[in-house]
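Here's the structure we're looking at; comments come further down.
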Amino acid sequence: MRFGSGTYNVRDSEGLNPDTLIRQQPSSLQRTISCRVFFLDGTENQFSLPRQARGGELLERVYEYLEIVERDYFGLQFLSLLDPGEETQQKKWLDADKSIRKQMICPPYNLYFRVKFYVSDPAKLVEEYTRYHLFLQLRKDIGDGRLPVAENTAALLASYVVQSEFGDFSAEEHVENYLDGLVFAPNQPGDFGERVAALHPQHVGMVPADSEFAFIEHAKRLDLYGVELFECRDVVEATLAVGANAFGMIVFAPEPPTGRSRVVDLSPSKLRKISEFPWSCIMKISFKRKHFSIEIRTVIDDDTEKNSVLTFHCFSSPACKALWKNCVEHHTFFRLIAPPVKPPKGLFNIGSRFRYSGRTEFQTMEDVKRRVVRADRPFNRSSSKTSFARHTFAGGSGTRSTDSSRISSDGAVDSPELSARGVYSAAPDFAPDARPSRATSWARRLLLAPSERDSSAPGADAPETARTLADVEADCEVVLALHKSTSLPIERSVLAYCTS
């Protein structure tokens, strides 16, 4: 008699036919994973990696693909839906020391290349190619609403973007309303294009590299520059947003709700900075479950020091740990010469052993100084206008326009000289009548100023040997080389050359 039970031996049944195990072995394609990476210029690329590959292997492949030297400022982000207690998509940074599959759980493996550490001064970046990616990231932050900008500042920043893409203003080429379709920031006013067009002629002579440098110089002064926000509450249950940057930790408060609505709007445009704690005043940062604490040392009037602890309540344990890790990484990258050694694994581990394992900003800058910097490395800038494209060369003093017949529908330039990433392999051949860059013009003016001032002074004797234009051009080349190698402003480069 058979009752309501049964047994099925899985292993024995598979062993009956040897071909079963052979067919179930993963193929060569199944032994790899395919990761799709979206870049800041709007392009994307697929990377095939072993199934057990760590995040560092993908990061290395991406850096080699982009040919980025100052790579430690960048990282890869992905969207995670699998954290317990999280109802919305959470952005996470890919950990270089952990398996990709363990971090992202399941396909599709879509990641986004972006700036992780926003440099405090663009002059610290040696390569123009690195500054260009920071420029693209800031434009994306502003366009997505993560970096709110006042209307006047937005118009100024947009004018630098227009100068970088369109070149010098020309009344014949840039007719009225030529910027009507410009979209730079959310909720921009209707006359935004006219205001940008009024500022565009003020940047005559600026090459794309100068425009992007000025763009970053103004953007770095914004309160939310380089800050990743984390929602939390204080001890009185007031909703706040906390983040870290190169200088320390910042606390933001939203605008109070109006009317009968009690919903707090934490969008970046509704936040105002209420507190800022520099790294030099922070003694310790810690978390336990949903509680995040900052120990701060302050100096009272009588030169006595006092320690105080600020505690914030996050909405989930993973979010609290993510805030803590973000602060640890920013402090290590910007403040330390080298990352600290990870504490050894003990028998009874209490607390997280996480430490930032990459290179610090100091190590990155020292490594780039030791390298042979490709000051004149050319590359192709992407254009936000499909009707316009422009070849620009890093470190050069001129630009040239591209024939519109060679522009594809996506705004890229169809040229046999371009590689898959749009990098030129041949040296640029500038036109002899190309307009000198702003740096070249300033160098000539500053080098000529002393001789003109001395010769025009009352009672001054005529110089024994007048400086010819060839002498000035020779000095100008030396000053420009010093300007490129040290990233000093052109005025300081001239002063350093004249006093040497």
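Letters for chains follow the order of the structure tokens (A, B, ...), residue numbers begin at 1 for each chain, and ligand numbers begin at 1 in the order shown.
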
Counting only C-alpha atoms, which residues in region 47-155 of chain A sit no more than 7 Å from region 206-218 of chain A? For each one, give the nearest pair of atoms and the distance in Å, sorted by chain then residue number, as a Markdown table.
| residue | atom | partner | partner_atom | distance |
| --- | --- | --- | --- | --- |
| A:Pro122 | CA | A:Ile216 | CA | 6.7 |
| A:Glu128 | CA | A:Ala209 | CA | 6.8 |
| A:Tyr132 | CA | A:Glu212 | CA | 6.8 |
| A:Phe135 | CA | A:Glu212 | CA | 6.2 |

Excluding region 36-47 of chain A and residues on its chain fewer than 5 positions from it, collect all residues at most 6 Å away from it, counting only C-alpha atoms, and give them as number ranges by chain. A: 110-113
